[in-house]
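Text of the file coords-v4.cif, holding mmCIF, C-alpha atoms:
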```cif
data_protein
loop_
_atom_site.label_atom_id
_atom_site.label_comp_id
_atom_site.auth_asym_id
_atom_site.auth_seq_id
_atom_site.Cartn_x
_atom_site.Cartn_y
_atom_site.Cartn_z
CA MET A 240 12.54 9.93 4.21
CA ILE A 241 9.51 10.17 1.99
CA ALA A 242 9.43 11.05 -1.68
CA PRO A 243 7.53 14.24 -2.55
CA GLN A 244 3.82 13.42 -2.91
CA GLY A 245 4.70 9.74 -2.48
CA ARG A 246 6.48 9.65 -5.85
CA GLY A 247 9.96 8.77 -6.93
CA ILE A 248 12.55 6.05 -6.73
CA ALA A 249 15.25 5.93 -4.09
CA GLY A 250 18.86 6.48 -5.03
CA PRO A 251 21.40 3.66 -4.88
CA ASP A 252 22.56 4.48 -1.38
CA ASP A 253 19.32 5.07 0.51
CA HIS A 254 17.48 1.75 0.27
CA THR A 255 18.94 0.30 3.48
CA ASP A 256 17.45 2.90 5.81
CA THR A 257 14.06 3.15 4.13
CA PHE A 258 11.09 0.87 3.66
CA ARG A 259 9.19 1.35 0.40
CA ILE A 260 5.50 0.51 0.11
CA LEU A 261 4.19 0.22 -3.44
CA HIS A 262 0.43 0.17 -4.12
CA VAL A 263 -0.62 -1.34 -7.44
CA SER A 264 -3.89 -1.31 -9.36
CA THR A 265 -4.72 -1.15 -13.08
CA GLY A 266 -4.75 2.45 -14.30
CA ASN A 267 -3.18 4.15 -11.25
CA VAL A 268 -5.98 6.68 -11.30
CA CYS A 269 -8.52 5.21 -8.83
CA ARG A 270 -7.71 2.46 -6.33
CA SER A 271 -3.93 2.76 -5.98
CA PRO A 272 -3.96 6.59 -5.68
CA ILE A 273 -6.64 6.31 -3.00
CA THR A 274 -4.60 3.66 -1.18
CA GLU A 275 -1.34 5.59 -1.51
CA ARG A 276 -2.73 8.84 -0.14
CA LEU A 277 -4.73 7.14 2.64
CA THR A 278 -1.55 5.34 3.71
CA LEU A 279 0.33 8.63 3.83
CA HIS A 280 -2.52 10.21 5.77
CA ALA A 281 -2.60 7.36 8.28
CA LEU A 282 1.17 7.42 8.74
CA THR A 283 1.13 11.16 9.35
CA HIS A 284 -1.74 10.72 11.81
CA ARG A 285 0.34 8.24 13.82
CA LEU A 286 3.92 9.44 13.41
CA GLY A 287 3.44 13.17 12.88
CA ASP A 288 6.26 13.09 10.33
CA PRO A 289 6.53 9.86 8.29
CA MET A 290 9.97 11.01 7.10
CA ALA A 291 11.32 10.27 10.55
CA GLY A 292 10.27 6.63 10.25
CA GLY A 293 11.98 5.98 6.93
CA LEU A 294 8.76 4.96 5.18
CA VAL A 295 8.25 5.78 1.49
CA VAL A 296 4.82 5.32 -0.09
CA GLU A 297 4.09 5.29 -3.81
CA SER A 298 1.87 3.65 -6.42
CA ALA A 299 1.71 2.54 -10.04
CA GLY A 300 -0.61 0.74 -12.44
CA THR A 301 -0.19 -2.43 -14.46
CA TRP A 302 -1.78 -0.48 -17.33
CA GLY A 303 -0.92 2.85 -15.76
CA HIS A 304 -2.14 6.10 -17.27
CA GLU A 305 1.30 7.71 -17.34
CA GLY A 306 1.16 11.37 -16.36
CA ALA A 307 -2.61 11.36 -15.73
CA PRO A 308 -4.27 12.91 -12.68
CA MET A 309 -6.33 10.70 -10.43
CA GLU A 310 -10.02 10.39 -11.20
CA ALA A 311 -12.12 13.28 -9.87
CA HIS A 312 -14.28 10.99 -7.74
CA ALA A 313 -11.14 9.45 -6.22
CA ALA A 314 -9.91 12.92 -5.28
CA THR A 315 -13.27 13.73 -3.72
CA VAL A 316 -13.21 10.55 -1.64
CA LEU A 317 -9.71 11.32 -0.38
CA ALA A 318 -10.70 14.84 0.60
CA ASP A 319 -13.79 13.48 2.40
CA LEU A 320 -11.54 11.12 4.38
CA GLY A 321 -9.13 13.92 5.31
CA ALA A 322 -6.32 12.89 2.95
CA ASP A 323 -4.56 15.10 0.40
CA PRO A 324 -5.32 14.36 -3.29
CA GLN A 325 -3.22 17.23 -4.65
CA GLY A 326 -0.28 16.80 -7.01
CA PHE A 327 -0.86 13.18 -7.91
CA ILE A 328 0.55 11.94 -11.24
CA GLY A 329 -0.26 8.47 -12.56
CA ARG A 330 2.44 6.14 -13.80
CA GLU A 331 2.89 2.74 -15.38
CA LEU A 332 4.38 -0.05 -13.26
CA LEU A 333 8.02 -0.64 -14.18
CA ASP A 334 10.58 -3.23 -13.16
CA GLU A 335 12.46 -0.62 -11.14
CA HIS A 336 9.39 0.04 -8.98
CA VAL A 337 9.11 -3.63 -8.06
CA ILE A 338 12.85 -3.98 -7.51
CA ARG A 339 12.87 -1.06 -5.05
CA ALA A 340 9.71 -2.03 -3.16
CA ASP A 341 9.96 -3.74 0.22
CA LEU A 342 6.21 -4.35 0.27
CA VAL A 343 3.84 -4.44 -2.71
CA LEU A 344 0.13 -4.22 -1.94
CA THR A 345 -2.21 -4.81 -4.86
CA ALA A 346 -5.92 -4.22 -5.37
CA THR A 347 -6.64 -7.74 -6.66
CA ARG A 348 -5.17 -11.20 -7.00
CA ASP A 349 -4.67 -10.62 -10.72
CA HIS A 350 -2.52 -7.57 -9.96
CA ARG A 351 -0.54 -9.63 -7.46
CA ALA A 352 0.05 -12.30 -10.09
CA GLN A 353 1.19 -9.68 -12.59
CA VAL A 354 3.69 -8.20 -10.15
CA ILE A 355 5.06 -11.62 -9.24
CA SER A 356 5.36 -12.54 -12.93
CA MET A 357 7.77 -9.63 -13.36
CA GLY A 358 10.30 -11.55 -11.28
CA HIS A 359 12.75 -9.75 -8.99
CA SER A 360 11.95 -12.20 -6.17
CA ALA A 361 8.71 -10.31 -5.59
CA GLY A 362 6.61 -13.26 -4.44
CA LEU A 363 7.42 -13.07 -0.73
CA ARG A 364 6.75 -9.32 -0.51
CA THR A 365 3.68 -9.00 -2.73
CA PHE A 366 0.16 -9.35 -1.33
CA THR A 367 -3.27 -8.05 -2.06
CA LEU A 368 -4.15 -5.30 0.41
CA LYS A 369 -6.91 -7.35 2.02
CA GLU A 370 -4.74 -10.47 2.14
CA PHE A 371 -2.03 -8.54 3.96
CA THR A 372 -4.59 -7.11 6.37
CA ARG A 373 -5.85 -10.60 7.21
CA LEU A 374 -2.33 -11.89 7.81
CA VAL A 375 -1.28 -8.86 9.85
CA ARG A 376 -4.23 -9.32 12.21
CA ALA A 377 -2.86 -12.77 13.09
CA ILE A 378 0.64 -11.52 13.98
CA ASP A 379 1.45 -10.81 17.62
CA PRO A 380 2.86 -7.24 17.65
CA ALA A 381 5.01 -8.17 20.64
CA THR A 382 7.08 -10.38 18.33
CA LEU A 383 8.03 -7.40 16.11
CA PRO A 384 10.97 -5.00 16.65
CA ASP A 385 10.42 -1.97 18.85
CA PRO A 386 9.63 1.03 16.61
CA GLU A 387 10.99 3.41 19.23
CA GLN A 388 14.57 2.28 18.69
CA ALA A 389 16.80 3.83 16.01
CA GLY A 390 15.69 2.48 12.67
CA GLY A 391 12.97 0.59 14.49
CA VAL A 392 10.09 1.42 12.15
CA VAL A 393 11.98 0.12 9.11
CA GLU A 394 13.10 -3.03 10.93
CA ARG A 395 9.59 -3.58 12.24
CA ALA A 396 8.14 -3.20 8.75
CA ARG A 397 10.60 -5.73 7.31
CA ALA A 398 9.84 -8.21 10.09
CA LEU A 399 6.11 -7.75 9.52
CA VAL A 400 6.43 -8.66 5.83
CA GLN A 401 8.47 -11.76 6.67
CA ALA A 402 5.93 -12.86 9.28
CA ALA A 403 3.03 -12.30 6.89
CA ALA A 404 4.75 -14.30 4.14
CA ALA A 405 5.29 -17.19 6.57
CA LEU A 406 1.58 -17.23 7.46
CA ARG A 407 0.24 -17.04 3.91
CA GLY A 408 -0.08 -20.77 3.33
CA TRP A 409 -1.76 -21.30 6.68
CA LEU A 410 -4.29 -18.48 6.85
CA LEU A 411 -6.31 -18.68 3.66
CA ALA A 412 -9.07 -16.39 2.43
CA PRO A 413 -12.60 -17.58 3.30
CA ASN A 414 -13.69 -17.12 -0.32
CA ALA A 415 -12.42 -15.85 -3.68
CA GLU A 416 -13.81 -12.35 -3.18
CA ALA A 417 -12.29 -11.75 0.24
CA ASP A 418 -8.97 -10.46 -1.09
CA GLU A 419 -10.35 -8.23 -3.86
CA VAL A 420 -10.88 -4.46 -4.05
CA HIS A 421 -13.13 -3.88 -7.04
CA ASP A 422 -12.48 -1.21 -9.64
CA PRO A 423 -14.72 1.88 -9.30
CA TYR A 424 -13.56 3.37 -12.61
CA GLY A 425 -16.56 4.91 -14.37
CA ALA A 426 -18.86 4.27 -11.41
CA PRO A 427 -20.86 6.92 -9.52
CA ILE A 428 -19.42 8.71 -6.51
CA THR A 429 -21.39 6.46 -4.13
CA PHE A 430 -19.42 3.42 -5.29
CA PHE A 431 -16.15 5.34 -5.07
CA ARG A 432 -17.03 6.22 -1.46
CA SER A 433 -17.71 2.58 -0.61
CA ILE A 434 -14.36 1.57 -2.11
CA GLY A 435 -12.62 4.38 -0.23
CA GLU A 436 -14.09 3.21 3.07
CA GLU A 437 -13.19 -0.39 2.24
CA ILE A 438 -9.57 0.57 1.59
CA ASN A 439 -9.43 2.77 4.68
CA LEU A 440 -10.67 -0.06 6.91
CA ALA A 441 -8.16 -2.48 5.41
CA LEU A 442 -5.27 -0.06 5.89
CA ASP A 443 -5.93 0.71 9.56
CA PRO A 444 -4.50 -2.52 11.06
CA VAL A 445 -1.68 -2.51 8.51
CA VAL A 446 -0.46 0.96 9.43
CA THR A 447 -0.89 0.21 13.14
CA ALA A 448 1.25 -2.91 12.77
CA LEU A 449 3.87 -1.09 10.70
CA THR A 450 4.29 1.77 13.14
CA GLY A 451 3.32 0.19 16.45
CA VAL A 452 1.00 3.18 16.99
CA PRO A 453 -2.79 2.77 17.02
CA ALA A 454 -4.96 5.35 15.33
CA ARG A 455 -5.76 8.32 17.50
CA ALA A 456 -9.43 8.91 18.16
#
```
Represent the structure contained in this file as structure tokens.
Amino acid sequence: MIAPQGRGIAGPDDHTDTFRILHVSTGNVCRSPITERLTLHALTHRLGDPMAGGLVVESAGTWGHEGAPMEAHAATVLADLGADPQGFIGRELLDEHVIRADLVLTATRDHRAQVISMGHSAGLRTFTLKEFTRLVRAIDPATLPDPEQAGGVVERARALVQAAAALRGWLLAPNAEADEVHDPYGAPITFFRSIGEEINLALDPVVTALTGVPARA
């Protein structure tokens, strides 16, 4: 299942057959909306119907602009990349979002630290986006569950997070900037486009690993 427009929190009985991906940035109007909608776009591109895979994608901000639309430049970048910017509503990161998430991907290391500081045993399932990409590239997909089996995408996603967490202490970033996605808030559209491309490139191996399906040409 997938929440409408990537929003919403699962009910008490549907967390076992779903895998929730939570994208986190500061205001939830630039980076995390871009990442959320590009993830949904990539999943649809590979699976046709992400609902069939049990993947739920959403986002929030550590200083989230509750109820705000995404920034206009962010919407433009999404449209340029073929993703749907419509209907997005910003929200502030709450404990319940972290509790429900199976994987939290943040824009920066500071965001990661903030999520982990909330507790809820979030440390082993919270990464920066670029950190997770680096770790995923080092994981042999043959060691992950077959996504074609019943519930396979969810089981594969859970195994991927566990494998990435196990590698974290061994596969370090080459420098402090390698795991950061910088904030384009207030910047011109050219910088938004560069951030959008950066996020898109980082997401590609992640979504391929999650689904077991490479991007179609």
Distance table requested - region 303-350 of chain A against region 279-288 of chain A, cut-off 9 Å, only C-alpha atoms: one row per qualifying residue with the closest atom pair and its distance in Å to one decimal, ordered by chain and rising residue number, as a Markdown table.
```
| residue | atom | partner | partner_atom | distance |
| --- | --- | --- | --- | --- |
| A:Gly321 | CA | A:His280 | CA | 7.6 |
| A:Ala322 | CA | A:His280 | CA | 5.4 |
| A:Asp323 | CA | A:His280 | CA | 7.5 |
```
- [ ] Kindly resolve the PyMOL selection byres ((chain A and resi 404) around 10) on the present coordinates and return the residues as a list in words.
- [x] Gly362, Leu363, Arg364, Thr365, Phe366, Phe371, Leu374, Val375, Ala398, Leu399, Val400, Gln401, Ala402, Ala403, Ala405, Leu406, Arg407, Gly408 and Trp409 of chain A
Task: Which of A:Val337, A:Val445, A:Ala412, A:Ile328 sits closest to His304 (chain A) [using all atoms listed in the file] - done: A:Ile328
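As for CA of Glu416 (chain A) and CA of Glu370 (chain A), they are spaced 10.7 Å apart.
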Residues near region 423-437 of chain A, cut-off 7 Å, only C-alpha atoms, skip fewer than 4 positions along chain, as a tab-separated table (two decimals) with C-alpha atoms, keeping the file's coordinate frame:
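Contents of selection_6.tsv, as written:
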```tsv
chain	number	residue	atom	x	y	z
A	269	CYS	CA	-8.52	5.21	-8.83
A	273	ILE	CA	-6.64	6.31	-3.00
A	312	HIS	CA	-14.28	10.99	-7.74
A	313	ALA	CA	-11.14	9.45	-6.22
A	316	VAL	CA	-13.21	10.55	-1.64
A	441	ALA	CA	-8.16	-2.48	5.41
```
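Shortest atom-to-atom contact with Asn439 (chain A) among A:Arg270, A:Arg339, A:Arg330, A:Arg259: A:Arg270, counting all atoms listed in the file.
The closest residue to Glu419 (chain A), picked from A:Thr274, A:Gly266, A:Val452, A:Ala346 and counting only C-alpha atoms, is A:Ala346.
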- [ ] Find, counting only C-alpha atoms, the residue in A:Leu277, A:Ala311, A:Leu368, A:Ile338 that gets nearest to Arg351 (chain A).
- [x] A:Leu368
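Closest approach to Ala314 (chain A) from the set A:Ser271, A:Thr367, A:Thr265, A:Gln388 is made by A:Ser271, with distances taken over all atoms listed in the file.
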TODO: Show which residues sit within 12 Å of Phe327 (chain A), as a ChimeraX atom specification. Count only C-alpha atoms, and ignore same-chain residues fewer than 4 positions away.
DONE: /A:243-247,267-269,271-273,275-276,297-299,304-311,313-314,317,323
Store the residues picked out above in a file with C-alpha atoms, as a PDB file, in the coordinates of the input.
```pdb
ATOM      1  CA  PRO A 243       7.530  14.240  -2.550  1.00  0.00           C
ATOM      2  CA  GLN A 244       3.820  13.420  -2.910  1.00  0.00           C
ATOM      3  CA  GLY A 245       4.700   9.740  -2.480  1.00  0.00           C
ATOM      4  CA  ARG A 246       6.480   9.650  -5.850  1.00  0.00           C
ATOM      5  CA  GLY A 247       9.960   8.770  -6.930  1.00  0.00           C
ATOM      6  CA  ASN A 267      -3.180   4.150 -11.250  1.00  0.00           C
ATOM      7  CA  VAL A 268      -5.980   6.680 -11.300  1.00  0.00           C
ATOM      8  CA  CYS A 269      -8.520   5.210  -8.830  1.00  0.00           C
ATOM      9  CA  SER A 271      -3.930   2.760  -5.980  1.00  0.00           C
ATOM     10  CA  PRO A 272      -3.960   6.590  -5.680  1.00  0.00           C
ATOM     11  CA  ILE A 273      -6.640   6.310  -3.000  1.00  0.00           C
ATOM     12  CA  GLU A 275      -1.340   5.590  -1.510  1.00  0.00           C
ATOM     13  CA  ARG A 276      -2.730   8.840  -0.140  1.00  0.00           C
ATOM     14  CA  GLU A 297       4.090   5.290  -3.810  1.00  0.00           C
ATOM     15  CA  SER A 298       1.870   3.650  -6.420  1.00  0.00           C
ATOM     16  CA  ALA A 299       1.710   2.540 -10.040  1.00  0.00           C
ATOM     17  CA  HIS A 304      -2.140   6.100 -17.270  1.00  0.00           C
ATOM     18  CA  GLU A 305       1.300   7.710 -17.340  1.00  0.00           C
ATOM     19  CA  GLY A 306       1.160  11.370 -16.360  1.00  0.00           C
ATOM     20  CA  ALA A 307      -2.610  11.360 -15.730  1.00  0.00           C
ATOM     21  CA  PRO A 308      -4.270  12.910 -12.680  1.00  0.00           C
ATOM     22  CA  MET A 309      -6.330  10.700 -10.430  1.00  0.00           C
ATOM     23  CA  GLU A 310     -10.020  10.390 -11.200  1.00  0.00           C
ATOM     24  CA  ALA A 311     -12.120  13.280  -9.870  1.00  0.00           C
ATOM     25  CA  ALA A 313     -11.140   9.450  -6.220  1.00  0.00           C
ATOM     26  CA  ALA A 314      -9.910  12.920  -5.280  1.00  0.00           C
ATOM     27  CA  LEU A 317      -9.710  11.320  -0.380  1.00  0.00           C
ATOM     28  CA  ASP A 323      -4.560  15.100   0.400  1.00  0.00           C
TER      29      ASP A 323
END
```
